[in-house]
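Chemist: Provided below: query23.txt, containing compact mmCIF, C-alpha atoms.
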# COMPACT_ATOMS: atom_id res chain seq x y z
CA MET A 1 -38.40 -2.09 18.35
CA ALA A 2 -34.83 -3.33 18.21
CA THR A 3 -33.59 -5.73 20.89
CA LEU A 4 -30.49 -5.02 22.97
CA GLN A 5 -28.59 -7.62 20.95
CA GLU A 6 -29.56 -5.91 17.68
CA LYS A 7 -28.58 -2.49 19.01
CA TYR A 8 -25.25 -3.91 20.17
CA GLY A 9 -24.58 -5.44 16.75
CA LEU A 10 -25.41 -2.17 15.00
CA LEU A 11 -23.23 -0.03 17.25
CA LYS A 12 -20.36 -2.52 17.12
CA GLY A 13 -20.25 -2.20 13.35
CA LEU A 14 -20.35 1.60 13.52
CA PHE A 15 -17.64 1.70 16.17
CA MET A 16 -15.26 -0.66 14.36
CA GLY A 17 -15.23 1.71 11.42
CA ASP A 18 -14.51 -0.65 8.49
CA GLY A 19 -18.13 -0.85 7.30
CA THR A 20 -18.75 -4.41 8.49
CA ALA A 21 -22.26 -5.08 9.81
CA TYR A 22 -22.59 -7.51 12.71
CA ILE A 23 -26.37 -7.69 12.51
CA GLY A 24 -28.67 -8.21 9.52
CA PRO A 25 -30.94 -5.53 8.04
CA PHE A 26 -33.67 -4.42 10.43
CA TYR A 27 -36.15 -4.00 7.59
CA ALA A 28 -36.34 -4.31 3.82
CA ALA A 29 -38.40 -3.05 0.91
CA VAL A 30 -39.27 -4.79 -2.35
CA ASP A 31 -40.20 -3.23 -5.69
CA ILE A 32 -42.39 -5.97 -7.08
CA THR A 33 -43.59 -4.27 -10.28
CA ARG A 34 -42.81 -1.37 -12.63
CA ARG A 35 -46.37 -1.23 -13.97
CA CYS A 36 -48.76 1.46 -12.74
CA ASN A 37 -52.29 2.64 -13.50
CA LEU A 38 -51.68 6.26 -12.45
CA HIS A 39 -49.33 9.13 -13.29
CA CYS A 40 -48.95 10.83 -9.91
CA MET A 41 -47.36 14.25 -10.45
CA GLY A 42 -44.86 13.65 -7.67
CA CYS A 43 -43.82 10.17 -8.83
CA ARG A 44 -40.20 9.90 -9.95
CA TYR A 45 -41.09 6.95 -12.21
CA HIS A 46 -44.39 7.78 -13.92
CA SER A 47 -45.01 11.51 -13.60
CA THR A 48 -45.68 13.29 -16.89
CA ALA A 49 -44.63 16.58 -15.31
CA MET A 50 -40.94 15.72 -15.02
CA LYS A 51 -38.09 13.86 -16.67
CA THR A 52 -37.70 10.30 -15.53
CA ILE A 53 -34.57 9.51 -13.57
CA PRO A 54 -31.92 7.14 -14.96
CA LEU A 55 -32.43 3.70 -13.49
CA GLN A 56 -30.13 0.74 -12.91
CA GLY A 57 -30.80 -2.82 -13.97
CA GLU A 58 -32.91 -4.64 -16.53
CA GLN A 59 -35.71 -2.29 -17.53
CA ASN A 60 -37.56 -5.00 -19.47
CA VAL A 61 -38.28 -6.90 -16.23
CA LEU A 62 -41.71 -5.53 -15.32
CA ASP A 63 -42.70 -7.89 -12.50
CA MET A 64 -40.55 -9.64 -9.91
CA SER A 65 -40.61 -13.42 -10.18
CA PHE A 66 -42.25 -15.24 -7.31
CA ASP A 67 -39.20 -17.49 -6.88
CA LEU A 68 -36.90 -14.48 -6.42
CA PHE A 69 -39.29 -12.97 -3.90
CA LYS A 70 -39.51 -16.20 -1.89
CA HIS A 71 -35.73 -16.56 -1.92
CA PHE A 72 -35.38 -13.01 -0.58
CA CYS A 73 -37.87 -13.66 2.23
CA ASP A 74 -36.10 -16.89 3.19
CA GLU A 75 -32.75 -15.08 3.40
CA LEU A 76 -34.24 -12.23 5.41
CA GLN A 77 -35.61 -14.75 7.88
CA THR A 78 -32.16 -16.27 8.45
CA MET A 79 -30.70 -12.78 8.98
CA GLY A 80 -33.24 -11.81 11.63
CA THR A 81 -35.02 -9.11 9.63
CA SER A 82 -38.38 -8.27 11.13
CA SER A 83 -40.20 -6.04 8.66
CA LEU A 84 -40.86 -5.97 4.91
CA THR A 85 -42.56 -3.28 2.83
CA LEU A 86 -44.08 -4.14 -0.55
CA ILE A 87 -43.82 -1.16 -2.85
CA GLY A 88 -43.02 -0.65 -6.50
CA GLU A 89 -41.96 1.66 -9.23
CA GLY A 90 -45.60 1.03 -10.02
CA GLU A 91 -48.72 -0.18 -8.24
CA PRO A 92 -48.10 -3.40 -6.20
CA LEU A 93 -51.68 -4.63 -6.62
CA LEU A 94 -50.99 -5.04 -10.35
CA HIS A 95 -48.60 -7.92 -9.61
CA PRO A 96 -50.43 -11.17 -10.52
CA ARG A 97 -49.18 -12.97 -7.37
CA ILE A 98 -49.35 -10.15 -4.85
CA PHE A 99 -51.42 -12.09 -2.33
CA ASP A 100 -49.17 -15.15 -2.57
CA MET A 101 -46.23 -12.82 -1.92
CA ILE A 102 -47.85 -11.39 1.20
CA ALA A 103 -48.59 -14.90 2.53
CA THR A 104 -45.03 -16.03 1.76
CA ALA A 105 -43.54 -13.07 3.63
CA LYS A 106 -45.81 -13.78 6.59
CA ASP A 107 -44.70 -17.42 6.59
CA ALA A 108 -41.12 -16.10 6.87
CA GLY A 109 -42.07 -14.33 10.10
CA LEU A 110 -42.04 -10.82 8.61
CA PHE A 111 -44.29 -7.90 9.51
CA VAL A 112 -45.65 -6.94 6.09
CA THR A 113 -46.75 -3.50 4.92
CA LEU A 114 -48.30 -2.88 1.50
CA LEU A 115 -48.15 0.59 -0.09
CA THR A 116 -50.82 1.29 -2.70
CA ASN A 117 -52.60 4.15 -4.47
CA GLY A 118 -55.87 2.48 -3.45
CA THR A 119 -57.60 2.66 -6.82
CA LEU A 120 -57.54 -1.11 -7.43
CA LEU A 121 -59.05 -2.15 -4.12
CA ASN A 122 -62.39 -3.91 -4.47
CA GLU A 123 -64.35 -6.37 -2.36
CA ARG A 124 -62.49 -9.42 -3.68
CA ARG A 125 -59.08 -7.87 -3.11
CA CYS A 126 -60.10 -6.65 0.34
CA GLN A 127 -61.04 -10.21 1.26
CA SER A 128 -57.73 -11.45 -0.12
CA LEU A 129 -55.74 -8.91 1.92
CA ILE A 130 -57.28 -10.29 5.09
CA ASP A 131 -56.81 -13.91 3.98
CA SER A 132 -53.13 -13.28 3.21
CA ARG A 133 -52.63 -11.98 6.79
CA LEU A 134 -51.32 -8.57 5.72
CA ASP A 135 -50.28 -6.55 8.77
CA SER A 136 -50.48 -3.01 7.45
CA LEU A 137 -52.08 -1.32 4.43
CA LYS A 138 -50.87 2.19 3.60
CA VAL A 139 -52.91 4.11 1.04
CA SER A 140 -51.48 7.24 -0.54
CA LEU A 141 -54.11 9.96 -0.88
CA TRP A 142 -53.06 13.29 -2.36
CA GLY A 143 -56.21 15.22 -1.49
CA SER A 144 -58.87 15.43 1.21
CA SER A 145 -61.69 16.02 -1.29
CA LYS A 146 -62.49 15.26 -4.92
CA ASN A 147 -61.54 18.75 -6.06
CA VAL A 148 -58.22 18.83 -4.20
CA TYR A 149 -57.40 15.32 -5.43
CA LYS A 150 -57.94 16.47 -9.04
CA LEU A 151 -55.26 19.13 -8.68
CA ASN A 152 -52.64 16.42 -8.23
CA PHE A 153 -53.99 14.18 -11.00
CA PRO A 154 -54.94 16.54 -13.85
CA GLU A 155 -54.72 13.67 -16.37
CA GLY A 156 -56.29 11.01 -14.16
CA LYS A 157 -59.77 9.58 -13.89
CA HIS A 158 -61.79 11.97 -11.78
CA GLY A 159 -63.74 9.19 -10.10
CA ASN A 160 -60.67 7.77 -8.38
CA PHE A 161 -61.11 9.77 -5.18
CA GLU A 162 -64.56 8.32 -4.49
CA LYS A 163 -63.33 4.87 -5.51
CA ILE A 164 -60.51 4.98 -2.94
CA ILE A 165 -62.76 6.21 -0.13
CA ASN A 166 -65.46 3.61 -0.87
CA SER A 167 -62.86 0.84 -1.05
CA LEU A 168 -61.47 1.77 2.36
CA ARG A 169 -64.97 1.72 3.81
CA CYS A 170 -65.50 -1.67 2.19
CA LEU A 171 -62.33 -3.07 3.75
CA SER A 172 -63.26 -1.64 7.13
CA SER A 173 -66.71 -3.24 6.90
CA ILE A 174 -65.29 -6.64 5.93
CA LYS A 175 -62.79 -6.48 8.80
CA ALA A 176 -65.63 -5.78 11.21
CA ALA A 177 -67.77 -8.62 9.82
CA ARG A 178 -64.87 -11.05 10.11
CA LYS A 179 -63.79 -9.68 13.49
CA SER A 180 -60.31 -9.01 12.12
CA LYS A 181 -57.99 -6.24 13.32
CA TRP A 182 -55.76 -6.70 10.30
CA PRO A 183 -54.66 -5.18 8.12
CA ALA A 184 -54.25 -1.97 10.06
CA MET A 185 -55.20 0.84 7.67
CA THR A 186 -53.23 4.06 7.24
CA LEU A 187 -54.08 7.04 5.06
CA HIS A 188 -50.87 8.67 3.86
CA HIS A 189 -50.97 12.30 2.75
CA PRO A 190 -47.98 13.91 0.96
CA ILE A 191 -48.18 17.68 1.54
CA ASN A 192 -47.66 20.06 -1.37
CA ARG A 193 -48.84 23.45 -2.57
CA ASN A 194 -52.01 21.98 -4.09
CA ASN A 195 -53.32 20.48 -0.85
CA PHE A 196 -51.62 22.05 2.18
CA GLN A 197 -54.58 24.31 2.99
CA HIS A 198 -56.90 21.32 3.41
CA ILE A 199 -54.94 18.87 5.53
CA GLU A 200 -57.25 19.22 8.56
CA ALA A 201 -60.03 17.58 6.55
CA MET A 202 -57.98 14.38 6.44
CA ILE A 203 -59.05 13.71 10.04
CA ASN A 204 -62.66 13.28 8.97
CA LEU A 205 -61.65 10.94 6.15
CA VAL A 206 -59.63 8.73 8.49
CA HIS A 207 -62.52 8.62 10.95
CA THR A 208 -65.28 7.92 8.39
CA THR A 209 -63.32 5.28 6.46
CA GLY A 210 -62.41 3.33 9.58
CA CYS A 211 -58.67 3.79 9.11
CA ASN A 212 -56.42 3.32 12.12
CA ALA A 213 -53.78 5.91 11.34
CA LEU A 214 -52.96 9.07 9.43
CA SER A 215 -49.48 9.88 8.18
CA PHE A 216 -47.95 12.85 6.40
CA SER A 217 -44.77 13.58 4.48
CA PRO A 218 -43.20 16.72 2.99
CA PHE A 219 -43.33 16.87 -0.78
CA HIS A 220 -40.26 15.71 -2.73
CA THR A 221 -39.43 17.97 -5.66
CA ASN A 222 -37.25 15.32 -7.32
CA ARG A 223 -34.12 17.45 -7.61
CA GLY A 224 -36.12 20.62 -8.19
CA GLN A 225 -38.08 19.41 -11.21
CA LEU A 226 -41.34 19.91 -9.32
CA ALA A 227 -40.29 22.98 -7.35
CA SER A 228 -43.52 24.78 -8.31
CA MET A 229 -45.44 22.32 -6.11
CA ALA A 230 -43.19 22.77 -3.08
CA LEU A 231 -44.17 24.91 -0.09
CA SER A 232 -42.58 28.26 0.61
CA SER A 233 -40.99 28.86 4.00
CA ASP A 234 -44.09 30.72 5.19
CA GLU A 235 -46.35 27.93 3.97
CA GLU A 236 -44.24 25.35 5.80
CA LEU A 237 -44.67 27.33 9.01
CA GLN A 238 -48.42 27.40 8.42
CA VAL A 239 -48.47 23.62 7.89
CA CYS A 240 -46.45 23.02 11.06
CA PHE A 241 -48.90 25.12 13.07
CA VAL A 242 -51.92 23.23 11.68
CA LEU A 243 -50.30 19.85 12.28
CA SER A 244 -49.51 20.82 15.87
CA GLN A 245 -53.16 21.75 16.39
CA MET A 246 -54.33 18.46 14.87
CA THR A 247 -52.39 16.36 17.34
CA LYS A 248 -54.83 16.67 20.25
CA ARG A 249 -57.85 15.84 18.11
CA LEU A 250 -56.21 12.76 16.60
CA ASN A 251 -55.13 11.57 20.03
CA ALA A 252 -58.66 12.07 21.37
CA LEU A 253 -60.07 9.97 18.52
CA GLY A 254 -57.53 7.22 19.13
CA ILE A 255 -56.06 7.67 15.65
CA LYS A 256 -52.33 7.00 15.34
CA HIS A 257 -50.24 9.53 13.45
CA ASN A 258 -46.70 10.60 12.59
CA ILE A 259 -47.07 14.32 13.22
CA ALA A 260 -44.04 14.56 15.52
CA PRO A 261 -41.65 13.04 12.93
CA THR A 262 -43.22 15.21 10.21
CA LEU A 263 -42.67 18.37 12.23
CA PHE A 264 -39.10 17.23 12.88
CA SER A 265 -38.57 16.77 9.15
CA TYR A 266 -39.76 20.31 8.42
CA ARG A 267 -37.56 21.65 11.21
CA ILE A 268 -34.43 19.96 9.84
CA GLY A 269 -35.32 21.07 6.32
CA GLU A 270 -34.96 19.69 2.83
CA LYS A 271 -31.14 19.53 2.85
CA VAL A 272 -31.03 16.90 5.56
CA TRP A 273 -27.59 15.65 4.48
CA GLN A 274 -26.07 18.88 5.80
CA THR A 275 -27.23 18.02 9.31
CA PHE A 276 -27.34 14.24 9.70
CA PRO A 277 -25.26 11.29 8.57
CA CYS A 278 -27.08 8.48 6.80
CA TYR A 279 -27.30 5.07 8.46
CA ALA A 280 -29.55 3.48 5.80
CA GLY A 281 -26.77 1.11 4.76
CA TRP A 282 -26.75 -0.37 8.26
CA LEU A 283 -30.52 -0.64 8.64
CA GLN A 284 -32.14 -1.77 5.40
CA LEU A 285 -32.01 -2.90 1.77
CA ARG A 286 -34.28 -2.42 -1.21
CA LEU A 287 -34.73 -5.21 -3.77
CA LYS A 288 -35.69 -4.32 -7.34
CA MET A 289 -37.70 -6.41 -9.79
CA ASP A 290 -34.60 -7.80 -11.55
CA GLY A 291 -32.77 -8.80 -8.36
CA ASN A 292 -30.60 -5.72 -7.99
CA LEU A 293 -30.20 -4.48 -4.42
CA LEU A 294 -30.06 -0.78 -3.54
CA PRO A 295 -29.52 1.01 -0.22
CA CYS A 296 -32.93 2.71 -0.13
CA TYR A 297 -35.74 4.36 -2.08
CA SER A 298 -33.80 7.54 -2.81
CA CYS A 299 -30.45 6.02 -3.72
CA HIS A 300 -29.77 4.14 -6.95
CA GLN A 301 -26.24 3.00 -6.15
CA PRO A 302 -26.08 -0.73 -7.07
CA LEU A 303 -24.84 -3.07 -4.36
CA GLY A 304 -25.17 -6.46 -6.03
CA ASN A 305 -27.73 -8.80 -7.56
CA LEU A 306 -29.57 -11.49 -5.62
CA ASN A 307 -29.67 -13.71 -8.70
CA GLU A 308 -25.86 -13.87 -8.63
CA ARG A 309 -24.91 -13.70 -4.93
CA SER A 310 -26.51 -14.50 -1.60
CA LEU A 311 -27.97 -11.77 0.53
CA HIS A 312 -25.45 -12.60 3.25
CA ASP A 313 -22.58 -11.94 0.84
CA ILE A 314 -24.06 -8.69 -0.45
CA TRP A 315 -24.81 -7.44 3.07
CA ASN A 316 -21.10 -7.31 3.85
CA SER A 317 -19.77 -6.86 0.32
CA ALA A 318 -17.09 -4.32 -0.55
CA ALA A 319 -19.70 -2.12 -2.28
CA LEU A 320 -21.95 -1.94 0.77
CA LYS A 321 -19.04 -1.45 3.18
CA ASP A 322 -17.84 1.46 1.05
CA PHE A 323 -21.35 2.93 1.05
CA ARG A 324 -21.58 2.70 4.85
CA ARG A 325 -18.22 4.38 5.33
CA GLN A 326 -19.16 7.16 2.93
CA THR A 327 -22.54 8.01 4.35
CA ILE A 328 -21.48 8.57 7.96
CA THR A 329 -19.21 11.45 6.88
CA MET A 330 -20.22 14.83 5.53
CA GLU A 331 -17.69 14.55 2.72
CA GLY A 332 -19.01 11.14 1.72
CA LEU A 333 -22.62 12.29 1.69
CA THR A 334 -21.70 15.16 -0.59
CA LYS A 335 -19.90 12.83 -3.02
CA ILE A 336 -22.85 10.47 -3.48
CA GLY A 337 -25.25 13.35 -4.11
CA GLU A 338 -25.40 12.54 -7.83
CA GLN A 339 -26.74 9.05 -7.13
CA CYS A 340 -28.95 9.81 -4.14
CA ASP A 341 -31.83 12.24 -3.70
CA CYS A 342 -31.88 12.70 0.07
CA ALA A 343 -34.14 15.76 0.22
CA PHE A 344 -36.64 15.39 3.12
CA CYS A 345 -35.24 11.92 3.79
CA CYS A 346 -37.96 9.46 4.79
CA HIS A 347 -35.45 7.72 7.10
CA LEU A 348 -34.67 10.88 9.07
CA ASN A 349 -36.26 9.61 12.27
CA ASP A 350 -34.30 6.35 12.19
CA ASN A 351 -31.09 8.22 11.39
CA TRP A 352 -31.66 10.50 14.36
CA ARG A 353 -32.24 7.60 16.76
CA VAL A 354 -29.07 5.83 15.63
CA HIS A 355 -27.05 9.04 15.68
CA ARG A 356 -28.02 9.81 19.27
CA LEU A 357 -26.44 6.52 20.33
CA PHE A 358 -23.43 6.60 18.02
CA ARG A 359 -22.32 10.11 18.88
CA TRP A 360 -22.48 9.19 22.58
CA ILE A 361 -20.35 6.05 22.12
CA SER A 362 -17.91 7.58 19.63
CA PRO A 363 -18.18 11.38 19.83
CA THR A 364 -14.89 12.00 17.98
CA ARG A 365 -16.04 10.08 14.89
CA ALA A 366 -19.72 10.96 14.73
CA ILE A 367 -20.77 13.96 12.65
CA LYS A 368 -21.68 16.84 14.92
CA LEU A 369 -25.24 18.15 14.57
CA ILE A 370 -25.71 21.64 13.22
Rewrite the structure from the file as structure tokens, please.

Modeler:
Amino acid sequence: MATLQEKYGLLKGLFMGDGTAYIGPFYAAVDITRRCNLHCMGCRYHSTAMKTIPLQGEQNVLDMSFDLFKHFCDELQTMGTSSLTLIGEGEPLLHPRIFDMIATAKDAGLFVTLLTNGTLLNERRCQSLIDSRLDSLKVSLWGSSKNVYKLNFPEGKHGNFEKIINSLRCLSSIKAARKSKWPAMTLHHPINRNNFQHIEAMINLVHTTGCNALSFSPFHTNRGQLASMALSSDEELQVCFVLSQMTKRLNALGIKHNIAPTLFSYRIGEKVWQTFPCYAGWLQLRLKMDGNLLPCYSCHQPLGNLNERSLHDIWNSAALKDFRRQTITMEGLTKIGEQCDCAFCCHLNDNWRVHRLFRWISPTRAIKLI
């Protein structure tokens, strides 16, 4: 949760209007590897069901160097950033120094989350996750049963579902034996046409694997290339009803969840840029394997390279100031549509919280909600 000083710095920058940030990024994400062992149908980088998107930077750099990662963490620490997410165009557990990276980020005072497909977890890696002091492990699971999982991985190994479930149980058992609360374990379930009728069964999986939380997200069609897997309007209504019914049971079991933000996302709809401004440029940064910095997961507008300039310089560079000024106007959001895929924006909840404050302080400049 942001402090009063951080909120003041954020709102001061918004109010001044020239794109200058008076507080560092609240959180950051790092793509540590391009390599992956799966071809998730909904993945914009490795899906065989769609065209890959054009990417910025050096494509021959497969893994981030440890020195670059450490430098980034050190700079984030000086800027007051509190949270770091380890992700990738591929599977983060394939990086040869993943556990050193987690420990380094923890030494920099960061709350560290690791996103993974879960297929590479084994007893040794589970032990290493605990040893590295990882705060949060988020495992993406596209089905609540072996058969539903297969629908989303028609070319994958059909034993992966059982492997993921057994690995989570293994980690839960090791945590119990070592009397460790960390890492907190979250099952993440993207909702699409192949699995939406079975989402209630995810509660049993969370409970039996010892996970602490269950999260959902609407399916991203990647600019319509995977529209056949998206829900119809009637199916979205059905999902919203089921999610609402699941809330009481999850609360009773003491399982954390993100159902309220997910329902909010469905209510706003896929074309979120028509309703909300984007404050991502004020809140976060995403570092790629080659040192290039981007605003977020969905936007590939280059802001600078950490191998060439300091993070402090890039944070208030002309490129980032221009991006901030653009994305708090409807006209600006429309113009950057070719470089950003904001459908079902994963930062919607943060954008809403910032917008509630900004439109109160500066109602004549804030975009009015539809």

Chemist: Which value, in Å to one decimal, gives the distance between atom CA of Val354 of chain A and atom CA of Ala29 of chain A?

Modeler: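 If I compute the distance from atom CA of Val354 of chain A to atom CA of Ala29 of chain A, I get 19.6 Å.
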
Chemist: Using only C-alpha atoms for the distances, tell me which of A:Tyr279, A:Leu226, A:Phe323, A:Glu236 is nearest to Arg44 of chain A.

Modeler: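 Under the stated criterion, the closest residue is A:Leu226.
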
Chemist: Which one is closest to Glu235 of chain A: A:Ser167, A:Gln301, A:Asn251, A:Gln197? Count all atoms listed in the file.

Modeler: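 Selected residue with least distance to Glu235 of chain A: A:Gln197.
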
Chemist: Smallest atom-to-atom distance to Cys346 of chain A: which of A:Leu311, A:Val272, A:Val112, A:Ala184, using all atoms listed in the file?

Modeler: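 Ranking A:Leu311, A:Val272, A:Val112, A:Ala184 by distance to Cys346 of chain A, first place goes to A:Val272.
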
Chemist: With distances taken over all atoms listed in the file, which of A:Met41, A:Val61, A:Ile336, A:Leu121 is nearest to Asn192 of chain A?

Modeler: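 Nearest to Asn192 of chain A: A:Met41.
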
Chemist: Could you please give me, as a ChimeraX atom specification, the residues of protein, DNA or RNA lying at most 12 Å from (-65.3, 5.6, -4.1) in the coordinate frame of the file, considering all atoms listed in the file?

Modeler: /A:118-122,145-146,157-170,209

Chemist: I'd like the neighbourhood of Phe196 of chain A as a PyMOL selection string, where a residue qualifies if any of its atoms comes within 12 Å (using all atoms listed in the file), though same-chain residues fewer than 5 positions away should be ignored.

Modeler: chain A and resi 142-144+148-149+151-152+189-191+201-202+216-219+229-232+234-243

Chemist: Please measure the separation of atom CA of Leu320 of chain A and atom CA of Cys278 of chain A, giving the value in Å to one decimal.

Modeler: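 Interatomic distance, atom CA of Leu320 of chain A to atom CA of Cys278 of chain A: 13.1 Å.
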
Chemist: Do you know which residues lie at most 10 Å from (-44.3, 5.5, -10.0), with coordinates as in the file and all atoms listed in the file counted, and could you write them as number ranges by chain?

Modeler: A: 33-47, 52, 87-91

Chemist: From the options A:Asn147, A:Gln339, A:Ser136, A:Asn222, which residue's atoms come nearest to Asn195 of chain A, counting only C-alpha atoms?

Modeler: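 Ranking A:Asn147, A:Gln339, A:Ser136, A:Asn222 by distance to Asn195 of chain A, first place goes to A:Asn147.
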
Chemist: Missing atoms in segment 179-187 of chain A need filling: write out all heavy atoms for it as a PDB file, in the coordinates of the input.

Modeler:
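The resulting file, selection-v7.pdb, is reproduced below:
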ATOM      1  N   LYS A 179     -64.418  -9.904  12.189  1.00  0.00           N
ATOM      2  CA  LYS A 179     -63.790  -9.680  13.490  1.00  0.00           C
ATOM      3  C   LYS A 179     -62.254  -9.712  13.392  1.00  0.00           C
ATOM      4  O   LYS A 179     -61.569 -10.326  14.216  1.00  0.00           O
ATOM      5  CB  LYS A 179     -64.280 -10.699  14.521  1.00  0.00           C
ATOM      6  CG  LYS A 179     -65.765 -10.581  14.852  1.00  0.00           C
ATOM      7  CD  LYS A 179     -66.170 -11.589  15.912  1.00  0.00           C
ATOM      8  CE  LYS A 179     -67.600 -11.363  16.376  1.00  0.00           C
ATOM      9  NZ  LYS A 179     -68.589 -11.430  15.290  1.00  0.00           N
ATOM     10  N   SER A 180     -61.746  -9.052  12.368  1.00  0.00           N
ATOM     11  CA  SER A 180     -60.310  -9.010  12.120  1.00  0.00           C
ATOM     12  C   SER A 180     -59.767  -7.608  12.392  1.00  0.00           C
ATOM     13  O   SER A 180     -60.353  -6.610  11.950  1.00  0.00           O
ATOM     14  CB  SER A 180     -60.009  -9.411  10.670  1.00  0.00           C
ATOM     15  OG  SER A 180     -58.637  -9.230  10.371  1.00  0.00           O
ATOM     16  N   LYS A 181     -58.661  -7.525  13.101  1.00  0.00           N
ATOM     17  CA  LYS A 181     -57.990  -6.240  13.320  1.00  0.00           C
ATOM     18  C   LYS A 181     -57.039  -5.892  12.182  1.00  0.00           C
ATOM     19  O   LYS A 181     -56.539  -4.773  12.110  1.00  0.00           O
ATOM     20  CB  LYS A 181     -57.220  -6.266  14.636  1.00  0.00           C
ATOM     21  CG  LYS A 181     -58.092  -6.385  15.880  1.00  0.00           C
ATOM     22  CD  LYS A 181     -57.229  -6.355  17.132  1.00  0.00           C
ATOM     23  CE  LYS A 181     -58.091  -6.436  18.383  1.00  0.00           C
ATOM     24  NZ  LYS A 181     -57.238  -6.389  19.617  1.00  0.00           N
ATOM     25  N   TRP A 182     -56.781  -6.880  11.328  1.00  0.00           N
ATOM     26  CA  TRP A 182     -55.760  -6.700  10.300  1.00  0.00           C
ATOM     27  C   TRP A 182     -56.362  -6.791   8.912  1.00  0.00           C
ATOM     28  O   TRP A 182     -57.325  -7.524   8.695  1.00  0.00           O
ATOM     29  CB  TRP A 182     -54.661  -7.752  10.488  1.00  0.00           C
ATOM     30  CG  TRP A 182     -54.214  -7.881  11.907  1.00  0.00           C
ATOM     31  CD1 TRP A 182     -54.431  -8.947  12.742  1.00  0.00           C
ATOM     32  CD2 TRP A 182     -53.503  -6.911  12.676  1.00  0.00           C
ATOM     33  NE1 TRP A 182     -53.894  -8.698  13.973  1.00  0.00           N
ATOM     34  CE2 TRP A 182     -53.316  -7.459  13.964  1.00  0.00           C
ATOM     35  CE3 TRP A 182     -52.993  -5.648  12.401  1.00  0.00           C
ATOM     36  CZ2 TRP A 182     -52.665  -6.767  14.977  1.00  0.00           C
ATOM     37  CZ3 TRP A 182     -52.336  -4.963  13.398  1.00  0.00           C
ATOM     38  CH2 TRP A 182     -52.173  -5.514  14.659  1.00  0.00           C
ATOM     39  N   PRO A 183     -55.815  -6.061   7.966  1.00  0.00           N
ATOM     40  CA  PRO A 183     -54.660  -5.180   8.120  1.00  0.00           C
ATOM     41  C   PRO A 183     -55.026  -3.858   8.783  1.00  0.00           C
ATOM     42  O   PRO A 183     -56.124  -3.341   8.591  1.00  0.00           O
ATOM     43  CB  PRO A 183     -54.213  -4.923   6.668  1.00  0.00           C
ATOM     44  CG  PRO A 183     -55.490  -5.012   5.882  1.00  0.00           C
ATOM     45  CD  PRO A 183     -56.290  -6.091   6.556  1.00  0.00           C
ATOM     46  N   ALA A 184     -54.084  -3.330   9.573  1.00  0.00           N
ATOM     47  CA  ALA A 184     -54.250  -1.970  10.060  1.00  0.00           C
ATOM     48  C   ALA A 184     -54.199  -1.036   8.858  1.00  0.00           C
ATOM     49  O   ALA A 184     -53.404  -1.234   7.941  1.00  0.00           O
ATOM     50  CB  ALA A 184     -53.143  -1.624  11.053  1.00  0.00           C
ATOM     51  N   MET A 185     -55.049  -0.011   8.847  1.00  0.00           N
ATOM     52  CA  MET A 185     -55.200   0.840   7.670  1.00  0.00           C
ATOM     53  C   MET A 185     -54.687   2.252   7.967  1.00  0.00           C
ATOM     54  O   MET A 185     -55.098   2.875   8.943  1.00  0.00           O
ATOM     55  CB  MET A 185     -56.668   0.892   7.255  1.00  0.00           C
ATOM     56  CG  MET A 185     -57.245  -0.476   6.896  1.00  0.00           C
ATOM     57  SD  MET A 185     -59.064  -0.548   7.035  1.00  0.00           S
ATOM     58  CE  MET A 185     -59.541   0.767   5.903  1.00  0.00           C
ATOM     59  N   THR A 186     -53.794   2.719   7.100  1.00  0.00           N
ATOM     60  CA  THR A 186     -53.230   4.060   7.240  1.00  0.00           C
ATOM     61  C   THR A 186     -53.500   4.869   5.985  1.00  0.00           C
ATOM     62  O   THR A 186     -53.247   4.393   4.867  1.00  0.00           O
ATOM     63  CB  THR A 186     -51.706   3.997   7.470  1.00  0.00           C
ATOM     64  OG1 THR A 186     -51.439   3.293   8.671  1.00  0.00           O
ATOM     65  CG2 THR A 186     -51.118   5.401   7.569  1.00  0.00           C
ATOM     66  N   LEU A 187     -54.000   6.078   6.160  1.00  0.00           N
ATOM     67  CA  LEU A 187     -54.080   7.040   5.060  1.00  0.00           C
ATOM     68  C   LEU A 187     -52.801   7.866   5.080  1.00  0.00           C
ATOM     69  O   LEU A 187     -52.452   8.455   6.104  1.00  0.00           O
ATOM     70  CB  LEU A 187     -55.293   7.968   5.221  1.00  0.00           C
ATOM     71  CG  LEU A 187     -56.599   7.545   4.572  1.00  0.00           C
ATOM     72  CD1 LEU A 187     -57.648   8.634   4.760  1.00  0.00           C
ATOM     73  CD2 LEU A 187     -56.424   7.250   3.085  1.00  0.00           C
TER      74      LEU A 187
END
